[in-house]
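J.: File name upload-v3.txt; file contents compact mmCIF, C-alpha atoms; full text below.
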# COMPACT_ATOMS: atom_id res chain seq x y z
CA MET A 1 108.50 111.95 154.06
CA LYS A 2 105.33 112.32 151.99
CA ARG A 3 105.06 115.96 153.02
CA TYR A 4 108.62 116.75 151.88
CA LEU A 5 108.08 114.98 148.59
CA SER A 6 104.92 116.97 147.85
CA GLN A 7 106.68 120.24 148.76
CA LEU A 8 109.60 119.34 146.51
CA LEU A 9 107.23 118.54 143.65
CA ALA A 10 105.41 121.85 144.20
CA LEU A 11 108.74 123.71 144.15
CA VAL A 12 109.80 122.01 140.93
CA LEU A 13 106.48 122.88 139.29
CA VAL A 14 106.72 126.51 140.36
CA VAL A 15 110.25 126.78 138.96
CA CYS A 16 109.20 125.15 135.66
CA VAL A 17 106.19 127.41 135.23
CA GLY A 18 108.25 130.45 136.18
CA LEU A 19 110.97 129.67 133.69
CA MET A 20 108.46 128.98 130.90
CA GLY A 21 106.71 132.28 131.60
CA CYS A 22 109.97 134.20 131.42
CA SER A 23 111.09 132.73 128.13
CA ALA A 24 111.31 135.23 125.30
CA VAL A 25 109.27 134.86 122.16
CA PRO A 26 111.54 134.53 119.13
CA GLU A 27 111.42 137.66 116.98
CA GLY A 28 110.19 136.04 113.77
CA THR A 29 107.31 134.05 115.24
CA LEU A 30 104.85 136.93 115.41
CA GLY A 31 105.35 137.92 111.80
CA LEU A 32 106.67 141.32 112.87
CA SER A 33 110.30 142.31 112.53
CA GLY A 34 110.39 145.27 114.90
CA ASP A 35 110.99 147.72 112.05
CA TYR A 36 107.84 149.87 112.11
CA GLN A 37 107.86 150.86 108.44
CA LYS A 38 108.42 147.33 107.15
CA ASP A 39 105.87 145.89 109.57
CA THR A 40 103.28 148.48 108.58
CA LEU A 41 103.70 147.84 104.86
CA MET A 42 103.56 144.07 105.49
CA MET A 43 100.37 144.56 107.50
CA VAL A 44 98.79 146.61 104.71
CA ASP A 45 99.59 143.89 102.16
CA SER A 46 98.32 141.11 104.40
CA LEU A 47 95.11 142.91 105.32
CA ARG A 48 94.50 143.97 101.74
CA THR A 49 94.79 140.31 100.69
CA ALA A 50 92.45 139.14 103.45
CA VAL A 51 89.82 141.76 102.55
CA GLN A 52 89.98 141.33 98.77
CA LEU A 53 89.77 137.54 98.64
CA PRO A 54 86.48 136.27 97.16
CA ASP A 55 84.03 134.92 99.71
CA ASP A 56 84.12 131.41 98.26
CA ALA A 57 87.94 131.19 98.22
CA PRO A 58 89.27 128.29 100.32
CA GLU A 59 92.09 130.46 101.72
CA LYS A 60 89.65 133.13 102.99
CA ALA A 61 89.24 131.69 106.52
CA PRO A 62 92.98 131.19 107.16
CA ALA A 63 93.67 134.69 105.82
CA GLN A 64 91.12 136.15 108.24
CA VAL A 65 92.62 134.23 111.17
CA LYS A 66 96.09 135.47 110.21
CA ALA A 67 94.75 139.02 109.86
CA ARG A 68 93.24 138.91 113.35
CA GLN A 69 96.49 137.64 114.84
CA LEU A 70 98.54 140.27 113.02
CA ILE A 71 96.17 143.02 114.17
CA ASN A 72 96.63 141.95 117.79
CA ASP A 73 100.41 141.59 117.45
CA PHE A 74 100.81 144.93 115.68
CA ALA A 75 98.73 146.79 118.25
CA ALA A 76 100.54 145.14 121.15
CA ARG A 77 103.97 145.93 119.74
CA TYR A 78 103.55 149.56 118.68
CA ARG A 79 100.75 151.21 120.67
CA ARG A 80 102.91 152.09 123.68
CA ASP A 81 105.85 153.52 121.75
CA PRO A 82 105.46 157.31 121.98
CA SER A 83 107.73 157.95 119.00
CA ILE A 84 105.46 155.84 116.80
CA SER A 85 102.04 156.52 118.30
CA LYS A 86 102.14 160.15 117.14
CA LEU A 87 102.86 159.31 113.49
CA THR A 88 100.14 159.93 110.92
CA SER A 89 100.65 156.48 109.45
CA PHE A 90 100.14 154.88 112.87
CA THR A 91 96.93 156.73 113.71
CA THR A 92 95.50 155.91 110.29
CA MET A 93 96.61 152.29 110.66
CA ARG A 94 94.92 152.04 114.05
CA THR A 95 91.69 153.37 112.51
CA ALA A 96 91.84 150.71 109.79
CA LEU A 97 92.73 147.97 112.25
CA ASN A 98 89.92 148.92 114.61
CA SER A 99 87.41 148.94 111.76
CA LEU A 100 88.44 145.54 110.46
CA ALA A 101 88.80 143.97 113.90
CA GLY A 102 85.37 145.29 114.85
CA HIS A 103 83.84 143.70 111.77
CA TYR A 104 85.61 140.38 112.37
CA SER A 105 84.49 140.23 116.00
CA SER A 106 80.90 141.39 115.40
CA TYR A 107 80.22 139.55 112.16
CA PRO A 108 82.70 136.65 111.94
CA ASN A 109 80.76 134.71 109.28
CA ARG A 110 79.75 137.62 107.09
CA PRO A 111 81.82 139.05 104.26
CA VAL A 112 83.36 142.48 104.62
CA PRO A 113 80.87 145.02 103.18
CA ASP A 114 81.90 146.94 100.06
CA LYS A 115 81.62 150.24 101.92
CA LEU A 116 84.13 149.04 104.52
CA LYS A 117 86.39 147.60 101.81
CA ASP A 118 86.45 150.97 100.04
CA ARG A 119 87.19 152.81 103.27
CA LEU A 120 89.97 150.39 104.18
CA GLU A 121 91.54 150.69 100.73
CA GLN A 122 91.50 154.49 101.06
CA GLU A 123 93.16 154.24 104.48
CA PHE A 124 95.74 151.75 103.19
CA LYS A 125 96.71 154.22 100.46
CA GLN A 126 97.03 157.01 103.04
CA ILE A 127 99.22 154.76 105.19
CA GLU A 128 101.49 153.87 102.28
CA LEU A 129 101.79 157.54 101.35
CA ALA A 130 102.61 158.56 104.91
CA ILE A 131 105.21 155.78 105.22
CA SER A 132 106.85 156.86 101.96
CA ARG A 133 107.11 160.38 103.42
CA GLY A 134 108.62 158.99 106.62
CA ASN A 135 105.61 159.92 108.65
Transcribe the structure of this file into C-alpha cells.
T.:
Amino acid sequence: MKRYLSQLLALVLVVCVGLMGCSAVPEGTLGLSGDYQKDTLMMVDSLRTAVQLPDDAPEKAPAQVKARQLINDFAARYRRDPSISKLTSFTTMRTALNSLAGHYSSYPNRPVPDKLKDRLEQEFKQIELAISRGN
C-alpha cells in the first residue's frame, strides 16, 4: 500500500511540474509586445533612461535591473528570427545591447563611462533612424 501511495504521489508531482513547465507566459509580462519596431523603440527609450540617470538617483538601481531584464528578453525574442536578424536596426541594437550588458556584468557597481554613454547614444540615434526608414 505504501509503495502505491508513493508512486501515485510521484505521478501527481510529475504531472504538476509538467503542466507548469508547459504554461505559456502572458504576452505583456516581458514588457515586449511582439511588434519589432515598437519593442525596439521602447528598448531605446528604456535603455537611454537607465544610462542617463544620475549616479545618485534612487531609481538608478531599479532602472539597471529592468534594463538587464529587457536586454535578455529582447535578445531571446528576436535573435532567431531571420527576417529581423538581417535588419540594420537589429544589428546596431545588438551591438548596443552587448556593450551595455557587458558593462553591467563586468562592473555592476560602477557608473557607465562617458565614452560608452556617447557611443550608446550614437547607436540609439542610428537605430531610431533605421526604424523610421523601415530597416
J.: Any idea what's packed within 8 Å of Thr92 in chain A, counting only C-alpha atoms, ignoring anything in its chain fewer than 6 positions away? Could you give it as a PyMOL selection string?
T.: chain A and resi 123+126-127
J.: For the selection you just gave me, I'd like the residues written to a file as a PDB file, in the coordinates of the input, keeping C-alpha atoms.
T.:
ATOM      1  CA  GLU A 123      93.160 154.240 104.480  1.00  0.00           C
ATOM      2  CA  GLN A 126      97.030 157.010 103.040  1.00  0.00           C
ATOM      3  CA  ILE A 127      99.220 154.760 105.190  1.00  0.00           C
TER       4      ILE A 127
END
J.: Would you kindly return, as a VMD selection string, each protein, DNA or RNA residue with an atom no farther than 9 Å from any atom of Gly134 in chain A, considering all atoms listed in the file and excluding same-chain residues fewer than 2 positions away?
T.: chain A and resid 37 87 89 129 to 132
J.: Extract, using all atoms listed in the file, all DNA, RNA and protein residues at most 10 Å from range 60-70 of chain A, discarding same-chain residues fewer than 5 positions from it, and format them as a PyMOL selection string.
T.: chain A and resi 30-32+39+42-43+46-55+75-76+97+100-101+104-105+108-109+111
J.: Could you state the separation of CA of Asp73 in chain A and CA of Arg94 in chain A in Å, given to one decimal place?
T.: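 CA of Arg94 in chain A lies at a distance of 12.3 Å from CA of Asp73 in chain A.
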J.: How many Å separate CA of Arg79 in chain A from CA of Pro113 in chain A?
T.: 27.2 Å
J.: Which residue out of A:Asn135, A:Ser106, A:Asn98, A:Asn72 has the minimum interatomic distance to Ser85 in chain A when all atoms listed in the file are used?
T.: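 Among the listed residues, A:Asn135 lies closest to Ser85 in chain A.
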J.: Between CA of Glu59 in chain A and CA of Phe90 in chain A, what is the spacing in Å?
T.: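 Pair CA of Phe90 in chain A / CA of Glu59 in chain A returns 28.0 Å.
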